[in-house]
Each structure stands twice: as structure tokens, then as C-alpha cells.
Amino acid sequence: MKTFEAYAEELLARQDVPGAAAAASRNGAVVYARGFGAADLERAVPAAPETIFGVASVTKSFTAAAIMRLVDERRLSVDDPVVEYLPEFRMPRGDAAAIRIHHFLTHTPGFPPLPSRWYAFGASAREDPEGAPPPVPVDTRPPFATAGDLMAYLAEGDWAPLGPPGAQFSYCNDGYALLGEIIARVGGRPYARFVTEEIIGPAGLAHTTFGPASAPLPGAATPYVARTRDGARGVVPARTWWYSEVWNPAGGICSTVTDLVHYLTLYRAGGVAGGRRILSERAVAAMTRAHVAVAPGQAYGYGLAVLPDYRDAALVEHGGGRRSISAHVALAPSRGLAVAVLANLADAPVRAIAHGLLNVLQGLAPETPAIVYPAYACAPQRLAAYAGEYRSGEGTVLRARAAAGRLLIEVDGEHLAARAVGPDAFTVSPRGTEQYLRFHMNGAEQAGAVAYGSRIIRRTA
């Protein structure tokens, strides 16, 4: 059987990832911790378990935990309307008053993927031109400096909801950014300070923080971006991780893999971490419950994804990806296992590596899949209904076409053959990692949208 190290090194080398780190704990005790590659290539600094990386959307579980702490203190309810705390929250279409905190926590407010985050990161993007530019022209408006700027953008934008709140899951960073403003207003202090004082500090996470805004963070990995020049792909150092205080609640935390596996104790031990009770058992149960289906075998709780039938039990996990950042954490509570994998390049195969480490700790081959999608016979004449172009406001462009009885997908610069796994459902494997996609049909003749990358992306052509 291939060792975990050989498996991880092969995946990282395939994607030219400069550096990564992985850690695992069993019943709260660290049983594995190792770095791979370099935290800084130019200075020959090796990556290590103590290296600080960005965690991107793994931050969402911290934000959800902060909301649940306020719930425990009876200062708000997840069933409260968002406008009760953010009266200036408006939508150009749809009923903003119908959106509740629960909808933001579960990515079900009905927002389509919007370019908001690029405007949030506008200042960083102007300072650091290395790598691919943002997919929207960030110079067309001032960067968001406050949550009020984000709410003004949402109110004045020309966009329509995907449907009523709660009807369907589509990953929504905007909702988490606004949860941070709710936390600040109800908690009586800035969001980052609340999370630091109520979650990070009590859990004993000594190497976990927000940032860096501008100055380098001591002990942090150098951020890298992939760049193609003269037909050759390589990586170059970036000046900074792109940063925005407005976007902190959606993805602003930095941490180490050992801090993160200690943090996951919070969800294994019913709300206790660092020897202190941070959340009630009821709050943890709400966060780790499957509130909304995402795909076969996959659901979402509050700031955490849930695989309800993982190895006859449940797996709680979350990924994170942003410029120069890849992150994944996973917890199998019934087995007492927690893992974390971080890397200093976007689109690194960290989920596959995290699952591989979990597999080895359970006596399985590292490449054993967490979900096995069944084969499905899709009639060749049906494939024409999916053909078209699908664009999201975040910049994703997915093109589908039928050829020789197969569905071919072009996305993120890759040309992929899709495998049918259910009615209107397929898998593709960008960068070697299997992804589920499902077409939303407008009647029987043509797809109107596609669910891909946890987003619902509307057809544009």
C-alpha cells in the first residue's frame, strides 16, 4: 500500500505546490504532524507543522461558532431576520426581510455568485499584480472598507435571487461577511476581536490570528501564485495574501495545522476546547447537523460541511481556497480523528490529502474515496440539453458540449470528460480531484443553470 507521505508528495508535486503541512489527532492528542516542501522557496525555509498559512473559508466555522455563542447567551436566535440587526440590508429584487440568520449560516439566502469579494480585495489586488488578475475590473469602484459598503453594493446591484430563502444551497461568501457585522453589533466589539476573545483565545490557539493586512506575519509561509509564461507553468512569490477586513468573517484567519486539529476538539468534545467550555452541546449539534443537501452524500450545517454516511458514521469538514491559500480540515467524531492540511498556493489538492491521512489512520489505502458515485446511463440525445455557457459573477466560466456521445466540460482552463452519475448529474476531475456537478433544467429541453463548485451558476449562452 502506498504510504501517506508518498501519496501526499505525489499530489503536491503534480500541482507544483511550493509548501504544505499536515497534522492529525486522535482523541485530542496529536499523532501526526509534518511539513512538505518549502514555506519559502527563495530562502530555502522548509514548511513545518508550526508554519502559519491562510485558512480561507475554514474561517466560516469560527464565524458560525461566534454566532452560536451569542445564541447560547440568548442575545440572538438563528431564526431572527437579518434586518433585525442590519436594518440597512436591502436587495434589488426579492424580500430581504425574509432572510434569516439561519439562511446565511447554511448558504441558502438565494444569492447567486456575485463579484463582491473582488471589490472587497480591491486594495490588495492593486498593490500586488503578480499572477492572474481578478476576473472583474476592480478599478470600477472603490474597495469595500466597511460592511456598509458591501450592503450598499448588494442593494444597488443588478441581480436577481436564485429563488426564495431556504430553497436551495449556493455557496455565499456575502452572507458570512454580513454575519461578521451582526456579531460585531450584537457582541459590542469588532468581529475579529470578538472571535479572538471568545473562540481563539479560550481554545488555546496560540498561533491563530487574522491577517496579515500588510506587514509580514512572523512564522507565516510566503504566498505563491501560479503563472504561465512562454507556455511553461511555474510559481512566483506574491507580495501579500489578498486581505480585507470586510471579508474576514468569510475567510480571514491564519493558523497552523496543529492549532487547527486542537480547534476541531471543540466539535468532538461537545463544545469544550483548551479545557474550557466555549459552546453548549446544543450549539455544536446545530453546527454539525445536516441542514441542507448539497450533493449525494454531502450536506451543510453551520459553517461546516457534513458527510452523514462516511464509513457508516459522519464526517464533518470544511475547505478553504483563495489566492495563495488552500486549506482543509476534517473530523470523524465517532472515531476521535481530526486532520488539517494547509498549503501556500491556490487550488492545491488539500482535500484529497486530508482524506488520505484519515484513510491511513483507519487502516485504508490513502486513495480510498470518501464518496463513491454510481455509474448512470445518460441517453446520448439528452446531452444536448446541457450544452452551453454558464458564467458566475465570481468569474467562473463553465462550458459544456456534447461530442461523440459524451459530455465535455471546459472550466478553469481545463478540458474534462464528464461521467454520468445520476439524472442530470455528472462528475469531472479538475486537477485530479473529483467534483460533482448537476444541471438545473428549464423544463425538459434545456438546462438553465449548473451546480458546480458548491455554487449555482446560471446559463448565459
# chains A, B, ... in the order shown; residues from 1 in each chain; ligands from 1

$ residues_around --residues "A:Ala299" --least-positions-apart "2" --cutoff "10 Å" --atoms "only C-alpha atoms" --output "list in words"
Thr106, Phe169, Thr288, Arg289, Ala290, His291, Val292, Ala293, Val294, Ala295, Pro296, Gly297, Gly301, Leu304, Ala305, Val306, Leu307, Pro308 and Val316 of chain A

$ residues_around --residues "A:Val360" --least-positions-apart "5" --cutoff "8 Å" --atoms "only C-alpha atoms" --output "PDB file with all heavy atoms, in the first residue's frame"
ATOM      1  N   PHE A   4       1.241   7.293   3.179  1.00  0.00           N
ATOM      2  CA  PHE A   4       0.608   8.602   3.125  1.00  0.00           C
ATOM      3  C   PHE A   4       1.579   9.637   2.579  1.00  0.00           C
ATOM      4  O   PHE A   4       1.204  10.487   1.758  1.00  0.00           O
ATOM      5  CB  PHE A   4       0.117   9.023   4.507  1.00  0.00           C
ATOM      6  CG  PHE A   4      -0.258  10.478   4.557  1.00  0.00           C
ATOM      7  CD1 PHE A   4      -1.389  10.932   3.900  1.00  0.00           C
ATOM      8  CD2 PHE A   4       0.547  11.400   5.217  1.00  0.00           C
ATOM      9  CE1 PHE A   4      -1.723  12.275   3.899  1.00  0.00           C
ATOM     10  CE2 PHE A   4       0.217  12.744   5.239  1.00  0.00           C
ATOM     11  CZ  PHE A   4      -0.923  13.186   4.570  1.00  0.00           C
ATOM     12  N   ALA A 365      -6.176   2.339   2.328  1.00  0.00           N
ATOM     13  CA  ALA A 365      -5.262   2.951   1.364  1.00  0.00           C
ATOM     14  C   ALA A 365      -5.570   4.438   1.279  1.00  0.00           C
ATOM     15  O   ALA A 365      -6.743   4.841   1.337  1.00  0.00           O
ATOM     16  CB  ALA A 365      -5.421   2.299   0.000  1.00  0.00           C
ATOM     17  N   PRO A 366      -4.561   5.300   1.146  1.00  0.00           N
ATOM     18  CA  PRO A 366      -4.816   6.744   1.174  1.00  0.00           C
ATOM     19  C   PRO A 366      -5.745   7.218   0.073  1.00  0.00           C
ATOM     20  O   PRO A 366      -6.491   8.186   0.257  1.00  0.00           O
ATOM     21  CB  PRO A 366      -3.420   7.362   1.038  1.00  0.00           C
ATOM     22  CG  PRO A 366      -2.551   6.284   0.515  1.00  0.00           C
ATOM     23  CD  PRO A 366      -3.128   5.008   1.019  1.00  0.00           C
TER      24      PRO A 366
END

$ select_by_dssp --residues "stretch 119-360 of chain A" --states "alpha helix (DSSP H)" --output "ChimeraX atom specification"
/A:119-120,122-127,147-156,173-187,191-195,248-251,257-263,265-268,281-287,350-360

$ residues_around --residues "A:Val58" --least-positions-apart "6" --cutoff "12 Å" --atoms "only C-alpha atoms" --output "PDB file with N, CA and C atoms, in the first residue's frame"
ATOM      1  N   ALA A  64     -19.420  30.922  12.428  1.00  0.00           N
ATOM      2  CA  ALA A  64     -20.633  30.239  12.881  1.00  0.00           C
ATOM      3  C   ALA A  64     -20.577  29.968  14.381  1.00  0.00           C
ATOM      4  N   ALA A  65     -19.392  29.597  14.887  1.00  0.00           N
ATOM      5  CA  ALA A  65     -19.249  29.363  16.328  1.00  0.00           C
ATOM      6  C   ALA A  65     -19.514  30.638  17.120  1.00  0.00           C
ATOM      7  N   ASN A 173     -20.391  33.733   0.143  1.00  0.00           N
ATOM      8  CA  ASN A 173     -19.460  34.462   0.994  1.00  0.00           C
ATOM      9  C   ASN A 173     -20.065  35.750   1.531  1.00  0.00           C
ATOM     10  N   TYR A 176     -21.739  35.352   4.884  1.00  0.00           N
ATOM     11  CA  TYR A 176     -20.824  35.221   6.017  1.00  0.00           C
ATOM     12  C   TYR A 176     -20.155  36.545   6.355  1.00  0.00           C
ATOM     13  N   ASN A 248     -13.124  39.257   6.349  1.00  0.00           N
ATOM     14  CA  ASN A 248     -12.575  38.415   7.419  1.00  0.00           C
ATOM     15  C   ASN A 248     -13.529  37.318   7.875  1.00  0.00           C
ATOM     16  N   PRO A 249     -14.823  37.599   8.081  1.00  0.00           N
ATOM     17  CA  PRO A 249     -15.713  36.535   8.567  1.00  0.00           C
ATOM     18  C   PRO A 249     -15.895  35.393   7.570  1.00  0.00           C
ATOM     19  N   ALA A 250     -15.625  35.655   6.297  1.00  0.00           N
ATOM     20  CA  ALA A 250     -15.749  34.613   5.283  1.00  0.00           C
ATOM     21  C   ALA A 250     -14.445  33.865   5.053  1.00  0.00           C
ATOM     22  N   GLY A 251     -13.287  34.464   5.462  1.00  0.00           N
ATOM     23  CA  GLY A 251     -12.048  33.750   5.172  1.00  0.00           C
ATOM     24  C   GLY A 251     -10.770  34.416   5.597  1.00  0.00           C
ATOM     25  N   GLY A 252     -10.739  35.128   6.719  1.00  0.00           N
ATOM     26  CA  GLY A 252      -9.574  35.930   7.059  1.00  0.00           C
ATOM     27  C   GLY A 252      -8.605  35.372   8.073  1.00  0.00           C
ATOM     28  N   ILE A 253      -8.817  34.160   8.571  1.00  0.00           N
ATOM     29  CA  ILE A 253      -7.959  33.615   9.630  1.00  0.00           C
ATOM     30  C   ILE A 253      -6.704  32.972   9.045  1.00  0.00           C
ATOM     31  N   CYS A 254      -5.615  33.047   9.806  1.00  0.00           N
ATOM     32  CA  CYS A 254      -4.358  32.348   9.529  1.00  0.00           C
ATOM     33  C   CYS A 254      -4.086  31.422  10.714  1.00  0.00           C
ATOM     34  N   SER A 255      -3.491  30.257  10.435  1.00  0.00           N
ATOM     35  CA  SER A 255      -3.276  29.308  11.526  1.00  0.00           C
ATOM     36  C   SER A 255      -2.234  28.270  11.122  1.00  0.00           C
ATOM     37  N   VAL A 257      -1.398  23.868  11.224  1.00  0.00           N
ATOM     38  CA  VAL A 257      -2.156  22.610  11.210  1.00  0.00           C
ATOM     39  C   VAL A 257      -2.340  22.045  12.617  1.00  0.00           C
ATOM     40  N   LEU A 260      -5.137  23.882  14.297  1.00  0.00           N
ATOM     41  CA  LEU A 260      -6.439  23.524  13.749  1.00  0.00           C
ATOM     42  C   LEU A 260      -6.941  22.180  14.260  1.00  0.00           C
ATOM     43  N   TYR A 263      -8.263  22.892  17.547  1.00  0.00           N
ATOM     44  CA  TYR A 263      -9.541  23.602  17.404  1.00  0.00           C
ATOM     45  C   TYR A 263     -10.688  22.639  17.139  1.00  0.00           C
ATOM     46  N   LEU A 264     -10.457  21.617  16.316  1.00  0.00           N
ATOM     47  CA  LEU A 264     -11.518  20.669  15.981  1.00  0.00           C
ATOM     48  C   LEU A 264     -12.018  19.884  17.188  1.00  0.00           C
ATOM     49  N   TYR A 302     -23.775  24.479   9.968  1.00  0.00           N
ATOM     50  CA  TYR A 302     -23.495  25.892  10.186  1.00  0.00           C
ATOM     51  C   TYR A 302     -21.986  26.089  10.133  1.00  0.00           C
ATOM     52  N   GLY A 303     -21.473  26.600   9.025  1.00  0.00           N
ATOM     53  CA  GLY A 303     -20.044  26.825   8.876  1.00  0.00           C
ATOM     54  C   GLY A 303     -19.233  25.559   8.715  1.00  0.00           C
ATOM     55  N   LEU A 304     -19.897  24.427   8.572  1.00  0.00           N
ATOM     56  CA  LEU A 304     -19.237  23.131   8.431  1.00  0.00           C
ATOM     57  C   LEU A 304     -20.027  22.264   7.456  1.00  0.00           C
ATOM     58  N   ALA A 305     -19.316  21.553   6.581  1.00  0.00           N
ATOM     59  CA  ALA A 305     -19.950  20.583   5.700  1.00  0.00           C
ATOM     60  C   ALA A 305     -20.051  19.249   6.435  1.00  0.00           C
ATOM     61  N   VAL A 316     -17.300  15.515   9.463  1.00  0.00           N
ATOM     62  CA  VAL A 316     -17.522  16.962   9.483  1.00  0.00           C
ATOM     63  C   VAL A 316     -16.264  17.599   8.916  1.00  0.00           C
ATOM     64  N   GLU A 317     -16.419  18.500   7.951  1.00  0.00           N
ATOM     65  CA  GLU A 317     -15.234  19.040   7.297  1.00  0.00           C
ATOM     66  C   GLU A 317     -15.503  20.421   6.734  1.00  0.00           C
ATOM     67  N   HIS A 318     -14.454  21.085   6.282  1.00  0.00           N
ATOM     68  CA  HIS A 318     -14.595  22.322   5.520  1.00  0.00           C
ATOM     69  C   HIS A 318     -13.292  22.607   4.794  1.00  0.00           C
ATOM     70  N   GLY A 319     -13.433  23.140   3.597  1.00  0.00           N
ATOM     71  CA  GLY A 319     -12.272  23.532   2.830  1.00  0.00           C
ATOM     72  C   GLY A 319     -12.144  25.038   2.767  1.00  0.00           C
ATOM     73  N   GLY A 320     -11.010  25.469   2.255  1.00  0.00           N
ATOM     74  CA  GLY A 320     -10.780  26.889   2.059  1.00  0.00           C
ATOM     75  C   GLY A 320      -9.858  27.096   0.880  1.00  0.00           C
ATOM     76  N   GLY A 321     -10.191  28.044   0.035  1.00  0.00           N
ATOM     77  CA  GLY A 321      -9.346  28.323  -1.109  1.00  0.00           C
ATOM     78  C   GLY A 321      -9.417  29.790  -1.480  1.00  0.00           C
ATOM     79  N   ARG A 322      -8.281  30.362  -1.694  1.00  0.00           N
ATOM     80  CA  ARG A 322      -8.201  31.753  -2.099  1.00  0.00           C
ATOM     81  C   ARG A 322      -6.845  31.946  -2.754  1.00  0.00           C
ATOM     82  N   ILE A 325      -3.758  30.403  -1.142  1.00  0.00           N
ATOM     83  CA  ILE A 325      -4.200  29.651   0.036  1.00  0.00           C
ATOM     84  C   ILE A 325      -4.997  28.424  -0.380  1.00  0.00           C
ATOM     85  N   SER A 326      -4.672  27.285   0.215  1.00  0.00           N
ATOM     86  CA  SER A 326      -5.514  26.085   0.154  1.00  0.00           C
ATOM     87  C   SER A 326      -5.551  25.485   1.553  1.00  0.00           C
ATOM     88  N   ALA A 327      -6.745  25.090   1.997  1.00  0.00           N
ATOM     89  CA  ALA A 327      -6.895  24.587   3.362  1.00  0.00           C
ATOM     90  C   ALA A 327      -8.004  23.546   3.409  1.00  0.00           C
ATOM     91  N   HIS A 328      -7.829  22.581   4.276  1.00  0.00           N
ATOM     92  CA  HIS A 328      -8.907  21.613   4.523  1.00  0.00           C
ATOM     93  C   HIS A 328      -8.759  21.044   5.921  1.00  0.00           C
ATOM     94  N   VAL A 329      -9.898  20.979   6.631  1.00  0.00           N
ATOM     95  CA  VAL A 329      -9.950  20.324   7.929  1.00  0.00           C
ATOM     96  C   VAL A 329     -11.065  19.289   7.884  1.00  0.00           C
ATOM     97  N   ALA A 330     -10.905  18.215   8.644  1.00  0.00           N
ATOM     98  CA  ALA A 330     -11.921  17.162   8.684  1.00  0.00           C
ATOM     99  C   ALA A 330     -11.890  16.484  10.045  1.00  0.00           C
ATOM    100  N   ALA A 340      -5.865  18.202   9.524  1.00  0.00           N
ATOM    101  CA  ALA A 340      -5.792  19.521   8.899  1.00  0.00           C
ATOM    102  C   ALA A 340      -4.654  19.516   7.894  1.00  0.00           C
ATOM    103  N   VAL A 341      -4.882  20.127   6.739  1.00  0.00           N
ATOM    104  CA  VAL A 341      -3.858  20.254   5.702  1.00  0.00           C
ATOM    105  C   VAL A 341      -3.921  21.682   5.166  1.00  0.00           C
ATOM    106  N   LEU A 342      -2.762  22.332   5.072  1.00  0.00           N
ATOM    107  CA  LEU A 342      -2.664  23.708   4.593  1.00  0.00           C
ATOM    108  C   LEU A 342      -1.559  23.806   3.551  1.00  0.00           C
TER     109      LEU A 342
END

$ residues_around --residues "A:Val339" --least-positions-apart "4" --cutoff "7 Å" --atoms "only C-alpha atoms" --output "PyMOL selection string"
chain A and resi 23-25+261+329-331+354+358

$ write_last_selection --atoms "N, CA, C and O atoms" --output "PDB file, in the first residue's frame"
ATOM      1  N   ALA A  23      -1.451  17.619   9.730  1.00  0.00           N
ATOM      2  CA  ALA A  23      -1.439  17.142  11.111  1.00  0.00           C
ATOM      3  C   ALA A  23      -2.695  16.325  11.361  1.00  0.00           C
ATOM      4  O   ALA A  23      -3.718  16.505  10.684  1.00  0.00           O
ATOM      5  N   ALA A  24      -2.611  15.442  12.331  1.00  0.00           N
ATOM      6  CA  ALA A  24      -3.762  14.622  12.722  1.00  0.00           C
ATOM      7  C   ALA A  24      -3.741  14.423  14.226  1.00  0.00           C
ATOM      8  O   ALA A  24      -2.669  14.377  14.852  1.00  0.00           O
ATOM      9  N   SER A  25      -4.925  14.308  14.806  1.00  0.00           N
ATOM     10  CA  SER A  25      -5.035  13.992  16.232  1.00  0.00           C
ATOM     11  C   SER A  25      -6.011  12.841  16.410  1.00  0.00           C
ATOM     12  O   SER A  25      -6.903  12.622  15.582  1.00  0.00           O
ATOM     13  N   VAL A 261      -6.062  21.193  14.415  1.00  0.00           N
ATOM     14  CA  VAL A 261      -6.570  19.920  14.943  1.00  0.00           C
ATOM     15  C   VAL A 261      -6.963  20.066  16.409  1.00  0.00           C
ATOM     16  O   VAL A 261      -7.890  19.394  16.882  1.00  0.00           O
ATOM     17  N   VAL A 329      -9.898  20.979   6.631  1.00  0.00           N
ATOM     18  CA  VAL A 329      -9.950  20.324   7.929  1.00  0.00           C
ATOM     19  C   VAL A 329     -11.065  19.289   7.884  1.00  0.00           C
ATOM     20  O   VAL A 329     -12.061  19.457   7.175  1.00  0.00           O
ATOM     21  N   ALA A 330     -10.905  18.215   8.644  1.00  0.00           N
ATOM     22  CA  ALA A 330     -11.921  17.162   8.684  1.00  0.00           C
ATOM     23  C   ALA A 330     -11.890  16.484  10.045  1.00  0.00           C
ATOM     24  O   ALA A 330     -10.817  16.322  10.650  1.00  0.00           O
ATOM     25  N   LEU A 331     -13.066  16.072  10.486  1.00  0.00           N
ATOM     26  CA  LEU A 331     -13.230  15.460  11.811  1.00  0.00           C
ATOM     27  C   LEU A 331     -14.188  14.291  11.699  1.00  0.00           C
ATOM     28  O   LEU A 331     -15.290  14.426  11.159  1.00  0.00           O
ATOM     29  N   ALA A 354      -6.067  15.444   2.948  1.00  0.00           N
ATOM     30  CA  ALA A 354      -6.716  15.291   4.263  1.00  0.00           C
ATOM     31  C   ALA A 354      -7.464  13.970   4.343  1.00  0.00           C
ATOM     32  O   ALA A 354      -7.363  13.231   5.329  1.00  0.00           O
ATOM     33  N   LEU A 358      -6.787  10.653   6.807  1.00  0.00           N
ATOM     34  CA  LEU A 358      -7.846   9.976   7.560  1.00  0.00           C
ATOM     35  C   LEU A 358      -7.911   8.496   7.195  1.00  0.00           C
ATOM     36  O   LEU A 358      -8.077   7.629   8.073  1.00  0.00           O
TER      37      LEU A 358
END

$ residues_around --residues "A:Ala400" --least-positions-apart "2" --cutoff "7 Å" --atoms "only C-alpha atoms" --output "ChimeraX atom specification"
/A:386-389,398,407-410

$ write_last_selection --atoms "C-alpha atoms" --output "mmCIF file, in the first residue's frame"
data_model
loop_
_atom_site.group_PDB
_atom_site.id
_atom_site.type_symbol
_atom_site.label_atom_id
_atom_site.label_comp_id
_atom_site.auth_asym_id
_atom_site.auth_seq_id
_atom_site.Cartn_x
_atom_site.Cartn_y
_atom_site.Cartn_z
ATOM 1 C CA TYR A 386 -26.716 20.669 -21.152
ATOM 2 C CA ALA A 387 -24.615 22.260 -23.898
ATOM 3 C CA GLY A 388 -23.958 25.948 -23.376
ATOM 4 C CA GLU A 389 -22.004 28.519 -21.415
ATOM 5 C CA LEU A 398 -18.074 26.686 -17.447
ATOM 6 C CA LEU A 407 -20.373 15.413 -22.301
ATOM 7 C CA LEU A 408 -17.242 17.551 -22.322
ATOM 8 C CA ILE A 409 -16.687 20.310 -19.780
ATOM 9 C CA GLU A 410 -14.295 23.255 -20.066
#

$ residues_around --residues "A:Tyr373" --least-positions-apart "6" --cutoff "12 Å" --atoms "only C-alpha atoms" --output "list in words"
Ala295, Pro296, Gly297, Gln298, Arg419, Ala420, Val421, Gly422, Ala425, Phe426, Thr427, Val428, Glu434, Gln435, Tyr436 and Leu437 of chain A

$ write_last_selection --atoms "N, CA and C atoms" --output "PDB file, in the first residue's frame"
ATOM      1  N   ALA A 295     -25.123  17.723  -2.317  1.00  0.00           N
ATOM      2  CA  ALA A 295     -24.929  16.740  -3.382  1.00  0.00           C
ATOM      3  C   ALA A 295     -25.150  15.373  -2.741  1.00  0.00           C
ATOM      4  N   PRO A 296     -25.228  14.305  -3.529  1.00  0.00           N
ATOM      5  CA  PRO A 296     -25.388  12.980  -2.922  1.00  0.00           C
ATOM      6  C   PRO A 296     -24.301  12.700  -1.888  1.00  0.00           C
ATOM      7  N   GLY A 297     -24.705  12.370  -0.675  1.00  0.00           N
ATOM      8  CA  GLY A 297     -23.758  12.075   0.389  1.00  0.00           C
ATOM      9  C   GLY A 297     -23.130  13.284   1.018  1.00  0.00           C
ATOM     10  N   GLN A 298     -23.541  14.500   0.641  1.00  0.00           N
ATOM     11  CA  GLN A 298     -22.939  15.724   1.155  1.00  0.00           C
ATOM     12  C   GLN A 298     -24.024  16.714   1.564  1.00  0.00           C
ATOM     13  N   ARG A 419     -18.500  12.244 -16.334  1.00  0.00           N
ATOM     14  CA  ARG A 419     -19.042  10.892 -16.142  1.00  0.00           C
ATOM     15  C   ARG A 419     -20.427  11.016 -15.529  1.00  0.00           C
ATOM     16  N   ALA A 420     -21.431  10.436 -16.171  1.00  0.00           N
ATOM     17  CA  ALA A 420     -22.801  10.500 -15.658  1.00  0.00           C
ATOM     18  C   ALA A 420     -22.924   9.661 -14.388  1.00  0.00           C
ATOM     19  N   VAL A 421     -23.548  10.257 -13.349  1.00  0.00           N
ATOM     20  CA  VAL A 421     -23.710   9.555 -12.072  1.00  0.00           C
ATOM     21  C   VAL A 421     -25.145   9.601 -11.574  1.00  0.00           C
ATOM     22  N   GLY A 422     -26.052  10.228 -12.347  1.00  0.00           N
ATOM     23  CA  GLY A 422     -27.445  10.323 -11.949  1.00  0.00           C
ATOM     24  C   GLY A 422     -28.196  11.192 -12.933  1.00  0.00           C
ATOM     25  N   ALA A 425     -26.861  14.654 -13.613  1.00  0.00           N
ATOM     26  CA  ALA A 425     -25.731  14.770 -12.693  1.00  0.00           C
ATOM     27  C   ALA A 425     -24.502  14.058 -13.256  1.00  0.00           C
ATOM     28  N   PHE A 426     -23.341  14.679 -13.029  1.00  0.00           N
ATOM     29  CA  PHE A 426     -22.079  14.161 -13.565  1.00  0.00           C
ATOM     30  C   PHE A 426     -20.967  14.424 -12.557  1.00  0.00           C
ATOM     31  N   THR A 427     -19.846  13.795 -12.779  1.00  0.00           N
ATOM     32  CA  THR A 427     -18.625  14.180 -12.081  1.00  0.00           C
ATOM     33  C   THR A 427     -17.550  14.493 -13.107  1.00  0.00           C
ATOM     34  N   VAL A 428     -16.657  15.405 -12.739  1.00  0.00           N
ATOM     35  CA  VAL A 428     -15.454  15.693 -13.505  1.00  0.00           C
ATOM     36  C   VAL A 428     -14.298  15.706 -12.513  1.00  0.00           C
ATOM     37  N   GLU A 434     -12.060  14.685  -7.875  1.00  0.00           N
ATOM     38  CA  GLU A 434     -13.414  14.512  -8.390  1.00  0.00           C
ATOM     39  C   GLU A 434     -14.354  15.588  -7.861  1.00  0.00           C
ATOM     40  N   GLN A 435     -15.122  16.191  -8.776  1.00  0.00           N
ATOM     41  CA  GLN A 435     -16.102  17.220  -8.437  1.00  0.00           C
ATOM     42  C   GLN A 435     -17.457  16.807  -8.991  1.00  0.00           C
ATOM     43  N   TYR A 436     -18.482  17.056  -8.196  1.00  0.00           N
ATOM     44  CA  TYR A 436     -19.855  16.753  -8.606  1.00  0.00           C
ATOM     45  C   TYR A 436     -20.470  17.982  -9.261  1.00  0.00           C
ATOM     46  N   LEU A 437     -21.214  17.767 -10.333  1.00  0.00           N
ATOM     47  CA  LEU A 437     -21.976  18.864 -10.925  1.00  0.00           C
ATOM     48  C   LEU A 437     -23.347  18.346 -11.349  1.00  0.00           C
TER      49      LEU A 437
END
